[in-house]
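A.B. asks: A single structure is presented below for examination.
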Amino acid sequence: MFSSKRSKVIATGAAAVAIATVTACGSSTSSTASTNGSSAAPAAGSSSSSAAPTASSSPAGGFGSGSGSNARSGPAAGGSVGTITSVSSSGFTLTTATGEKVTVKEASSTTYEKGTSTATSAAVTTGEPVLVLGATDNTTITATQIIVQPPATSGSNPGGKTIGYTQGTQGSTEKVGTIPSDYTQGSGTLASGTTAAKATEAALAAYPGGIVDRVVELGNGDYEVHNIGVNWPHHIFVNQDFQVIGADD
């Protein structure tokens, strides 16, 4: 995964997303990510004591969602990686390696790094590579951490490469590496804080180009990282040592 001090994720002023039981896996697909959830939720941070959110009663497919996604009530811990393409007074836009546009909102509690050094918001400039971690709502991330020029990773993926989203194009059904034997879509609990940040970081390092909109802790202690904005992979599996072990549609 990307290597720096950012495993020390700092919570926003609001309480972090609580670990919550995940239910129902939909099968909806659409040309936008607007069905993934709309109610507010705190950004990724340290361990939380807030109440668990109620899972959505409707499918949370979203664009490039393939066979569906774990339902949730609102934004959850995730992130994205790409290049800063525009900057405003309230945040910036990044473009992923597959061409997806991600809106990043900055807050007073957002922390910044440049490489492995602590930085300020001044580090956010057009053309810079960036890793963003925070509360993800479809293609919008309320940033907990912004890492400009993230250090290169020594990790590798177990096979395959990200396939960008194209409306009306069928995604791959490829399965690579190890898929946890007890995994079924809709199982597990939403992860938050440092755990979700590390899993997101590992998944994005192995398969850049998408947007992680939640991390699910499975019964065996591994993690399913849900990836939208791509045709493949939608599910990236990360072990307890935060190494990517498998991926599928």
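Naming scheme: A, B, ... for chains in displayed order of the structure tokens; residues 1 onward per chain; ligands 1 onward as shown.
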Residues of segment 65-235 of chain A classed as helix (DSSP H, G or I) by DSSP on the backbone are to be reported as an MDAnalysis selection string.
C.D. replies: chainID A and resid 121:123 193:206
A.B. asks: Save the residues we just selected, C-alpha atoms, as a PDB file, in the first residue's frame?
C.D. replies:
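The result, written out as selection.pdb:
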```pdb
ATOM      1  CA  SER A 121      -3.910  23.019   2.286  1.00  0.00           C
ATOM      2  CA  ALA A 122      -1.411  25.008   0.188  1.00  0.00           C
ATOM      3  CA  ALA A 123      -0.037  21.667  -1.012  1.00  0.00           C
ATOM      4  CA  GLY A 193     -11.425   4.719  11.296  1.00  0.00           C
ATOM      5  CA  THR A 194      -7.845   3.604  10.800  1.00  0.00           C
ATOM      6  CA  THR A 195      -8.960   0.110   9.788  1.00  0.00           C
ATOM      7  CA  ALA A 196     -11.081   1.362   6.886  1.00  0.00           C
ATOM      8  CA  ALA A 197      -8.370   3.830   5.848  1.00  0.00           C
ATOM      9  CA  LYS A 198      -5.662   1.147   5.675  1.00  0.00           C
ATOM     10  CA  ALA A 199      -7.896  -1.235   3.717  1.00  0.00           C
ATOM     11  CA  THR A 200      -8.904   1.553   1.316  1.00  0.00           C
ATOM     12  CA  GLU A 201      -5.296   2.588   0.830  1.00  0.00           C
ATOM     13  CA  ALA A 202      -4.220  -0.983   0.044  1.00  0.00           C
ATOM     14  CA  ALA A 203      -7.067  -1.529  -2.424  1.00  0.00           C
ATOM     15  CA  LEU A 204      -6.429   1.738  -4.285  1.00  0.00           C
ATOM     16  CA  ALA A 205      -2.710   1.000  -4.530  1.00  0.00           C
ATOM     17  CA  ALA A 206      -3.428  -2.380  -6.143  1.00  0.00           C
TER      18      ALA A 206
END
```
A.B. asks: Quick one: residues within 9 Å of segment 159-167 of chain A, only C-alpha atoms, excluding same-chain residues fewer than 4 positions away - as a ChimeraX atom specification?
C.D. replies: /A:30-31,63-64,97-100,171-172,174-177,206-210,228-233,246-247
A.B. asks: As number ranges by chain, please: all residues of segment 58-242 of chain A that backbone DSSP puts in strand (DSSP E).
C.D. replies: A: 76-87, 91-95, 101-105, 111-114, 117-119, 129-137, 140-148, 163-164, 176-177, 189-190, 211-217, 223-228, 230-232, 235-238
A.B. asks: Find the spatial neighbours of Ala107 of chain A, counting only C-alpha atoms, within a cut-off of 10 Å - ignore same-chain residues fewer than 2 positions away - and output them as a list of chain:residue names.
C.D. replies: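 Using only C-alpha atoms, the neighbours found are A:Thr12, A:Gly13, A:Ser90, A:Gly91, A:Val104, A:Lys105, A:Ser109, A:Thr110, A:Thr111, A:Thr142, A:Ala143, A:Thr144, A:Gln145.
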